[in-house]
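To start, the structure under review is shown below, and the notes come after it.
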Number of protein chains: 2
Amino acid sequence: MQSEKITKKVEAVSQRWYEDACAAAHALDLVGERWALLVMRELVFGPRRFNDLRGSLPGISANVLTQRLEGLEAAGVVRRRRLAPPAAAQVYELTEWGRESEPIFMALGRWAARSPAHDPTLPLSTASLLLSLRTMLDAERAAGIEARVGLRLGDETFLCRLGGGAVAITAEPLDEAEAVLSGLVAAVAAAIYGGRKLDALQAEGALGIEGDLALARWFVTLFPLPAKAGRGG
Amino acid sequence: MQSEKITKKVEAVSQRWYEDACAAAHALDLVGERWALLVMRELVFGPRRFNDLRGSLPGISANVLTQRLEGLEAAGVVRRRRLAPPAAAQVYELTEWGRESEPIFMALGRWAARSPAHDPTLPLSTASLLLSLRTMLDAERAAGIEARVGLRLGDETFLCRLGGGAVAITAEPLDEAEAVLSGLVAAVAAAIYGGRKLDALQAEGALGIEGDLALARWFVTLFPLPAKAGRGG
DNA sequence: CTGTATCCGTGTTGATACTG
DNA sequence: CAGTATCAACACGGATACAG
């Protein structure tokens with residue numbers, strides 16, 4: 001029955017509501033359940049398949065991922081799309097409104113980067129790294145420069161267009177890139193946030209660098225981490 | 001034993017971690033449990049006592065509130081302070097870093113205000129209303145005007161200083177206010193977000209208006225709600 | 001009067017195994 | 001590959017009793 005299915009889906013959003021007119025509370029009604037925001041984070045840079053999501057969210061179980069995707073779909077945040085044959089796979093993607101949630105991740109990330117308990121040595125997903133670049137970009141340092149830096153992370157490529165003190169990141173071929181960094185997410189993160197020298201990472205074979213080396217060196221300095229918060233002063 | 005207590009508190013932050021270097025994920029480790037962000041929201045405009053919090057968070061139970069406050073304290077977000085006698089009451093307040101979480105509420109609120117499912121007729125706490133003013137202020141409309149509008153909500157007073165296209169809100173006496181709105185949170189919300197005429201609310205006795213009436217009329221038009229999101233376009 | 005601790009029914013979460 | 005089924009553990013919320 002169609003109506004049964006719809007009823008079930010509406011319930012799937014969340015059984016527990018805050019009963020609060022505050023829009024922030026409503027946001028938590030929609031995406032406040034465990035894992036929901038991280039699922040959305042993984043979709044920010046494009047559609048993903050069920051098992052892609054499982055892979056980038058270590059610790060989530062299949063049934064919980066199913067529930068979250070159903071809930072997010074019912075909330076209008078996520079859309080499920082079946083690719084045309086012969087791919088025949090199903091993918092999940094953010095709706096337009098879902099894509100507007102990006103400032104939430106930036107606000108959360110900017111705030112928690114100052115947490116004394118934050119451990120940057122844990123594993124990082126591709127989406128997390130890219131989102132952190134958008135969040136942590138030092139606008140002043142990047143002001144007045146136009147550049148295109150490519151990132152090859154595993155088998156995906158992303159182009160970072162720097163300009164006007166901001167960075168736009170899209171999944172696309174790297175033909176236009178003036179410099180390209182290639183490697184695992186962890187290696188790129190080590191270069192940008194771990195204070196590791198590009199040359200050392202390159203020598204270890206962890207990172208490949210093509211194109212404008214000076215640009216690459218400059219690029220990795222654009223994303224300073226904020227100072228840790230003190231004892232509640 | 002002191003060390004036992006500390007151990008207990010560290011565990012109280014959260015038993016379940018995402019094991020993810022992403023700072024946004026770490027934020028959810030810290031404040032992603034049910035009610036945690038709403039407790040913080042209630043503390044944004046000043047210290048509150050345990051039962052104040054219970055009152056403004058309908059639905060939270062005493063034991064859950066205790067757990068959240070312990071967790072937030074262990075995370076360094078909330079500080080517990082005992083007032084000097086004869087008040088002899090305990091209050092909870094945000095630490096400096098905790099206060100920096102305000103952009104999170106704004107991002108959540110700005111996003112969820114566009115949710116098709118958002119119901120603005122539900123009850124609203126004082127902190128929610130004030131936070132929504134900061135979030136929804138139309139900077140263009142407020143640009144180039146300096147004004148001080150007071151809000152008397154129940155037995156608390158708040159001064160809204162408009163200037164430079166922004167609004168700063170603090171809990172303080174209203175001596176400096178050029179106009180003052182008095183009433184229940186719901187009445188002020190009805191005037192600002194519900195499209196209710198000030199005159200009608202005043203006639204009903206729901207709202208008191210003192211001082212510059214034209215300023216009051218202008219003030220309530222400064223906070224437009226965003227359009228609802230469509231069907232995932 | 002202000003919080004805290006304990007008990008308990010219920011629902012959510014998460015690990016494993018399994019199916020179309 | 002994309003989920004479903006099952007079950008154990010735990011978190012939530014309500015009530016109640018307790019402590020300063």
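By order in the structure tokens, chains are A, B, ...; within a chain, residues start at 1; ligands start at 1, following the order shown.
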How would chain A read as a short mmCIF file (atom, residue, chain, number, x, y, z; two decimals) with C-alpha atoms, in the first residue's frame once least-squares superposed on chain B using all paired C-alpha atoms?
data_model
loop_
_atom_site.label_atom_id
_atom_site.label_comp_id
_atom_site.auth_asym_id
_atom_site.auth_seq_id
_atom_site.Cartn_x
_atom_site.Cartn_y
_atom_site.Cartn_z
CA MET A 1 38.41 9.53 45.72
CA GLN A 2 39.32 12.42 43.52
CA SER A 3 40.78 10.32 40.74
CA GLU A 4 37.68 8.16 40.64
CA LYS A 5 35.53 11.17 40.21
CA ILE A 6 37.67 12.49 37.40
CA THR A 7 37.60 9.17 35.60
CA LYS A 8 33.86 9.08 35.90
CA LYS A 9 33.58 12.56 34.48
CA VAL A 10 35.76 11.87 31.51
CA GLU A 11 33.59 8.90 30.71
CA ALA A 12 30.54 11.06 31.12
CA VAL A 13 31.38 13.12 28.04
CA SER A 14 30.27 10.38 25.74
CA GLN A 15 30.68 6.65 25.68
CA ARG A 16 30.32 6.43 21.96
CA TRP A 17 32.85 8.17 19.76
CA TYR A 18 32.84 8.48 16.05
CA GLU A 19 36.57 7.78 15.80
CA ASP A 20 36.82 10.39 13.09
CA ALA A 21 39.43 13.15 12.79
CA CYS A 22 36.85 15.48 11.21
CA ALA A 23 36.34 18.35 13.60
CA ALA A 24 32.62 18.41 12.89
CA ALA A 25 32.44 14.78 13.96
CA HIS A 26 34.34 15.67 17.09
CA ALA A 27 31.82 18.40 17.78
CA LEU A 28 29.15 15.73 17.64
CA ASP A 29 31.21 13.58 20.01
CA LEU A 30 31.08 16.46 22.45
CA VAL A 31 27.60 17.91 22.00
CA GLY A 32 25.83 15.52 19.67
CA GLU A 33 23.85 13.72 22.31
CA ARG A 34 20.19 14.37 22.63
CA TRP A 35 19.43 17.64 24.47
CA ALA A 36 23.08 18.73 24.74
CA LEU A 37 22.87 21.55 22.23
CA LEU A 38 19.55 22.74 23.59
CA VAL A 39 21.01 22.95 27.07
CA MET A 40 23.81 25.06 25.66
CA ARG A 41 21.30 27.23 23.83
CA GLU A 42 19.56 28.01 27.09
CA LEU A 43 22.85 29.23 28.54
CA VAL A 44 23.83 31.55 25.70
CA PHE A 45 22.34 34.65 27.33
CA GLY A 46 23.61 34.03 30.81
CA PRO A 47 23.80 31.57 33.71
CA ARG A 48 20.78 29.47 34.59
CA ARG A 49 19.83 27.25 37.47
CA PHE A 50 18.97 23.58 37.18
CA ASN A 51 15.25 24.12 37.39
CA ASP A 52 15.34 27.11 35.05
CA LEU A 53 16.76 24.73 32.49
CA ARG A 54 14.13 22.11 33.20
CA GLY A 55 11.48 24.74 32.75
CA SER A 56 12.70 25.97 29.39
CA LEU A 57 13.32 22.50 28.03
CA PRO A 58 9.92 20.86 28.25
CA GLY A 59 10.35 17.14 27.93
CA ILE A 60 13.82 16.79 29.40
CA SER A 61 13.95 14.67 32.52
CA ALA A 62 15.99 15.51 35.59
CA ASN A 63 18.41 12.63 35.21
CA VAL A 64 19.13 13.39 31.58
CA LEU A 65 19.69 17.05 32.40
CA THR A 66 22.11 16.00 35.11
CA GLN A 67 23.99 13.77 32.68
CA ARG A 68 24.17 16.45 30.01
CA LEU A 69 25.44 19.07 32.41
CA GLU A 70 28.10 16.66 33.66
CA GLY A 71 29.10 15.81 30.12
CA LEU A 72 29.25 19.42 29.01
CA GLU A 73 31.23 20.34 32.08
CA ALA A 74 33.71 17.54 31.43
CA ALA A 75 34.01 18.69 27.82
CA GLY A 76 34.89 22.19 28.99
CA VAL A 77 31.78 23.77 27.52
CA VAL A 78 29.87 24.46 30.71
CA ARG A 79 31.04 25.59 34.12
CA ARG A 80 29.15 25.13 37.38
CA ARG A 81 29.29 28.01 39.82
CA ARG A 82 27.92 28.34 43.32
CA LEU A 83 26.55 31.78 44.00
CA ALA A 84 27.70 33.54 47.13
CA PRO A 85 25.37 33.36 50.12
CA PRO A 86 22.64 34.27 50.78
CA ALA A 87 21.64 33.23 47.25
CA ALA A 88 23.35 29.89 47.89
CA ALA A 89 22.11 28.59 44.60
CA GLN A 90 24.11 26.79 41.98
CA VAL A 91 24.17 28.04 38.42
CA TYR A 92 25.46 26.69 35.15
CA GLU A 93 27.09 28.90 32.57
CA LEU A 94 28.97 28.55 29.32
CA THR A 95 32.73 28.82 29.36
CA GLU A 96 34.32 31.26 26.96
CA TRP A 97 34.81 28.50 24.45
CA GLY A 98 31.24 27.38 25.04
CA ARG A 99 30.06 30.86 24.12
CA GLU A 100 31.85 30.53 20.82
CA SER A 101 29.36 27.85 19.85
CA GLU A 102 26.81 30.47 18.89
CA PRO A 103 27.48 30.18 15.13
CA ILE A 104 26.40 26.55 15.39
CA PHE A 105 22.93 27.59 16.52
CA MET A 106 22.75 30.21 13.82
CA ALA A 107 23.73 27.78 11.10
CA LEU A 108 21.26 25.18 12.37
CA GLY A 109 18.49 27.73 12.73
CA ARG A 110 19.03 29.41 9.40
CA TRP A 111 18.97 26.06 7.68
CA ALA A 112 16.00 24.53 9.48
CA ALA A 113 13.88 27.64 9.18
CA ARG A 114 13.54 26.57 5.54
CA SER A 115 12.31 23.10 6.49
CA PRO A 116 8.83 22.36 5.17
CA ALA A 117 8.13 20.61 8.47
CA HIS A 118 9.07 23.51 10.72
CA ASP A 119 6.22 24.47 13.03
CA PRO A 120 6.66 27.96 14.49
CA THR A 121 3.53 27.68 16.62
CA LEU A 122 5.21 25.43 19.18
CA PRO A 123 6.41 26.88 22.48
CA LEU A 124 9.55 29.01 22.40
CA SER A 125 12.02 29.73 25.15
CA THR A 126 13.46 33.14 25.89
CA ALA A 127 16.89 32.09 24.70
CA SER A 128 15.45 30.71 21.46
CA LEU A 129 13.70 33.96 20.69
CA LEU A 130 16.78 36.06 21.33
CA LEU A 131 18.99 33.74 19.37
CA SER A 132 16.54 33.83 16.48
CA LEU A 133 16.76 37.62 16.42
CA ARG A 134 20.52 37.47 16.04
CA THR A 135 20.14 34.79 13.39
CA MET A 136 17.38 36.26 11.28
CA LEU A 137 18.29 39.94 11.36
CA ASP A 138 18.15 41.36 7.86
CA ALA A 139 21.51 43.11 7.77
CA GLU A 140 20.61 45.25 4.79
CA ARG A 141 17.42 46.50 6.33
CA ALA A 142 19.18 47.23 9.60
CA ALA A 143 22.23 48.81 7.99
CA GLY A 144 23.04 52.38 8.83
CA ILE A 145 20.73 52.67 11.78
CA GLU A 146 21.63 52.86 15.44
CA ALA A 147 18.94 52.05 17.96
CA ARG A 148 18.37 50.41 21.31
CA VAL A 149 15.24 48.35 21.77
CA GLY A 150 14.41 46.71 25.08
CA LEU A 151 12.58 43.45 25.60
CA ARG A 152 10.90 42.65 28.90
CA LEU A 153 10.16 38.92 28.82
CA GLY A 154 8.56 37.78 32.03
CA ASP A 155 10.84 39.05 34.78
CA GLU A 156 13.97 39.36 32.66
CA THR A 157 15.03 42.31 30.54
CA PHE A 158 17.23 42.31 27.46
CA LEU A 159 18.64 45.19 25.49
CA CYS A 160 19.03 44.85 21.72
CA ARG A 161 21.66 47.25 20.39
CA LEU A 162 21.20 47.68 16.66
CA GLY A 163 24.09 49.10 14.71
CA GLY A 164 26.30 48.35 11.75
CA GLY A 165 23.81 45.89 10.33
CA ALA A 166 24.07 43.67 13.40
CA VAL A 167 22.32 43.30 16.72
CA ALA A 168 23.96 42.64 20.08
CA ILE A 169 21.70 41.34 22.83
CA THR A 170 22.55 41.36 26.51
CA ALA A 171 20.65 40.81 29.73
CA GLU A 172 20.63 44.22 31.38
CA PRO A 173 18.36 47.00 32.60
CA LEU A 174 16.44 48.94 29.99
CA ASP A 175 17.34 52.49 31.01
CA GLU A 176 19.01 53.12 27.68
CA ALA A 177 16.23 51.66 25.57
CA GLU A 178 14.43 54.01 23.20
CA ALA A 179 11.52 51.61 22.87
CA VAL A 180 10.49 48.63 25.00
CA LEU A 181 8.29 45.65 24.18
CA SER A 182 6.90 43.78 27.18
CA GLY A 183 5.06 40.51 27.27
CA LEU A 184 5.40 36.78 27.07
CA VAL A 185 7.89 35.30 24.66
CA ALA A 186 5.00 34.04 22.56
CA ALA A 187 3.55 37.53 22.19
CA VAL A 188 6.82 39.05 21.07
CA ALA A 189 7.30 36.14 18.68
CA ALA A 190 3.82 36.70 17.29
CA ALA A 191 4.70 40.32 16.60
CA ILE A 192 8.02 39.58 14.93
CA TYR A 193 7.40 36.27 13.18
CA GLY A 194 3.64 35.73 13.28
CA GLY A 195 2.74 38.79 11.25
CA ARG A 196 0.52 40.07 14.07
CA LYS A 197 0.01 43.83 14.20
CA LEU A 198 1.56 45.50 17.20
CA ASP A 199 -1.65 47.44 17.76
CA ALA A 200 -3.75 44.31 17.86
CA LEU A 201 -1.44 42.62 20.34
CA GLN A 202 -1.40 45.75 22.44
CA ALA A 203 -5.18 45.99 22.35
CA GLU A 204 -5.44 42.38 23.51
CA GLY A 205 -3.16 43.20 26.38
CA ALA A 206 -0.66 40.63 25.17
CA LEU A 207 2.03 43.18 24.51
CA GLY A 208 3.08 46.38 26.20
CA ILE A 209 4.83 49.06 24.15
CA GLU A 210 6.67 51.97 25.71
CA GLY A 211 8.75 54.72 24.19
CA ASP A 212 9.24 55.31 20.48
CA LEU A 213 6.31 53.57 18.79
CA ALA A 214 7.66 54.08 15.28
CA LEU A 215 10.92 52.44 16.32
CA ALA A 216 9.03 49.49 17.78
CA ARG A 217 7.05 49.06 14.57
CA TRP A 218 10.22 49.14 12.52
CA PHE A 219 12.04 46.78 14.86
CA VAL A 220 9.54 43.96 14.43
CA THR A 221 10.03 44.03 10.65
CA LEU A 222 13.75 43.44 10.79
CA PHE A 223 13.66 39.66 11.07
CA PRO A 224 12.21 38.09 7.93
CA LEU A 225 11.90 34.32 7.80
CA PRO A 226 13.47 32.62 4.78
CA ALA A 227 11.36 30.90 2.14
CA LYS A 228 10.58 27.24 2.64
CA ALA A 229 12.62 24.77 0.64
CA GLY A 230 10.87 23.17 -2.30
CA ARG A 231 10.86 19.56 -3.25
CA GLY A 232 14.58 19.02 -3.47
CA GLY A 233 15.04 20.84 -6.80
#
- Check every residue of chain D for an atom within 10 Å of chain B, counting only C-alpha atoms (C1' of nucleotides), and provide those that qualify as a list of chain:residue names.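 That gives D:DA11, D:DC12, D:DG13, D:DG14 for chain D.
The coordinates place C1' of DA17 in chain C at 15.2 Å from C1' of DA2 in chain D.
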| query | Once you count only C-alpha atoms (C1' of nucleotides), which residues of chain C turn out to be within 10 Å of chain B? Could you give them as a ChimeraX atom specification? | reply | /C:1-5
Output as a short mmCIF file (atom, residue, chain, number, x, y, z; two decimals) with C-alpha atoms, in the first residue's frame all residues of range 11-229 of chain B that backbone DSSP marks as alpha helix (DSSP H).
data_model
loop_
_atom_site.label_atom_id
_atom_site.label_comp_id
_atom_site.auth_asym_id
_atom_site.auth_seq_id
_atom_site.Cartn_x
_atom_site.Cartn_y
_atom_site.Cartn_z
CA GLU B 11 33.56 8.90 30.77
CA ALA B 12 30.52 11.08 31.16
CA VAL B 13 31.39 13.13 28.10
CA ALA B 23 36.35 18.40 13.59
CA ALA B 24 32.63 18.44 12.87
CA ALA B 25 32.46 14.81 13.93
CA HIS B 26 34.35 15.70 17.08
CA ALA B 27 31.81 18.43 17.77
CA LEU B 28 29.14 15.75 17.63
CA ASP B 29 31.20 13.60 19.99
CA LEU B 30 31.06 16.48 22.44
CA VAL B 31 27.59 17.92 22.00
CA ALA B 36 23.05 18.74 24.73
CA LEU B 37 22.85 21.55 22.20
CA LEU B 38 19.53 22.75 23.56
CA VAL B 39 21.00 22.95 27.05
CA MET B 40 23.81 25.07 25.63
CA ARG B 41 21.29 27.22 23.80
CA GLU B 42 19.56 28.02 27.06
CA LEU B 43 22.85 29.22 28.52
CA PHE B 50 18.97 23.62 37.15
CA ASN B 51 15.25 24.16 37.37
CA ASP B 52 15.33 27.13 35.01
CA LEU B 53 16.75 24.75 32.47
CA ARG B 54 14.14 22.12 33.21
CA GLY B 55 11.47 24.75 32.74
CA SER B 56 12.70 25.94 29.37
CA ALA B 62 16.01 15.52 35.62
CA ASN B 63 18.44 12.67 35.26
CA VAL B 64 19.11 13.39 31.61
CA LEU B 65 19.70 17.06 32.39
CA THR B 66 22.14 16.07 35.11
CA GLN B 67 23.99 13.80 32.69
CA ARG B 68 24.18 16.48 29.99
CA LEU B 69 25.44 19.11 32.38
CA GLU B 70 28.11 16.70 33.63
CA GLY B 71 29.11 15.85 30.11
CA LEU B 72 29.25 19.45 28.98
CA GLU B 73 31.23 20.37 32.05
CA ALA B 74 33.72 17.58 31.40
CA ALA B 75 34.01 18.72 27.80
CA GLU B 96 34.31 31.31 26.93
CA TRP B 97 34.78 28.54 24.41
CA GLY B 98 31.23 27.41 25.00
CA ARG B 99 30.04 30.88 24.09
CA GLU B 102 26.79 30.48 18.86
CA PRO B 103 27.47 30.19 15.10
CA ILE B 104 26.39 26.56 15.35
CA PHE B 105 22.92 27.59 16.48
CA MET B 106 22.73 30.21 13.79
CA ALA B 107 23.71 27.78 11.06
CA LEU B 108 21.24 25.18 12.33
CA GLY B 109 18.48 27.73 12.70
CA ARG B 110 19.03 29.42 9.37
CA TRP B 111 18.96 26.05 7.64
CA ALA B 112 16.00 24.52 9.44
CA THR B 126 13.47 33.13 25.87
CA ALA B 127 16.90 32.08 24.67
CA SER B 128 15.45 30.71 21.44
CA LEU B 129 13.70 33.95 20.67
CA LEU B 130 16.77 36.06 21.32
CA LEU B 131 18.99 33.72 19.34
CA SER B 132 16.54 33.82 16.45
CA LEU B 133 16.76 37.61 16.40
CA ARG B 134 20.51 37.46 16.02
CA THR B 135 20.14 34.78 13.35
CA MET B 136 17.38 36.25 11.27
CA ALA B 139 21.52 43.10 7.75
CA GLU B 140 20.59 45.26 4.78
CA ARG B 141 17.41 46.50 6.33
CA ALA B 142 19.18 47.22 9.59
CA VAL B 185 7.90 35.29 24.66
CA ALA B 186 5.01 34.03 22.56
CA ALA B 187 3.55 37.52 22.21
CA VAL B 188 6.83 39.05 21.07
CA ALA B 189 7.31 36.14 18.69
CA ALA B 190 3.82 36.70 17.31
CA ALA B 191 4.70 40.31 16.61
CA ILE B 192 8.02 39.56 14.94
CA LEU B 198 1.57 45.50 17.24
CA ASP B 199 -1.63 47.42 17.81
CA ALA B 200 -3.73 44.29 17.91
CA LEU B 201 -1.41 42.61 20.38
CA GLN B 202 -1.38 45.72 22.50
CA ALA B 203 -5.16 45.95 22.41
CA LEU B 213 6.33 53.54 18.84
CA ALA B 214 7.66 54.05 15.31
CA LEU B 215 10.93 52.42 16.33
CA ALA B 216 9.04 49.47 17.81
CA ARG B 217 7.06 49.06 14.60
CA TRP B 218 10.22 49.15 12.52
CA PHE B 219 12.04 46.78 14.86
#
*strand (DSSP E or B) residues, from DSSP on the backbone, in range 14-144 of chain B, as a list of chain:residue names*: B:Arg48, B:Val78, B:Arg79, B:Arg80, B:Arg81, B:Arg82, B:Gln90, B:Val91, B:Tyr92, B:Glu93, B:Leu94
Can I get the selection written as a short mmCIF file (atom, residue, chain, number, x, y, z; two decimals), in the first residue's frame, with C-alpha atoms?
data_model
loop_
_atom_site.label_atom_id
_atom_site.label_comp_id
_atom_site.auth_asym_id
_atom_site.auth_seq_id
_atom_site.Cartn_x
_atom_site.Cartn_y
_atom_site.Cartn_z
CA ARG B 48 20.79 29.48 34.56
CA VAL B 78 29.86 24.49 30.68
CA ARG B 79 31.04 25.62 34.07
CA ARG B 80 29.18 25.17 37.34
CA ARG B 81 29.29 28.02 39.79
CA ARG B 82 27.93 28.33 43.28
CA GLN B 90 24.17 26.77 41.92
CA VAL B 91 24.18 28.06 38.38
CA TYR B 92 25.47 26.72 35.11
CA GLU B 93 27.09 28.93 32.53
CA LEU B 94 28.96 28.56 29.28
#
**Report entry** Separation of C1' of DT13 in chain C from C1' of DC1 in chain D, in Å and rounded to one decimal
**Finding:**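 Computing the Euclidean distance for C1' of DT13 in chain C and C1' of DC1 in chain D yields 23.9 Å.
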Taken to one decimal, the C1' of DT16 in chain C-C1' of DA5 in chain D distance is 10.4 Å
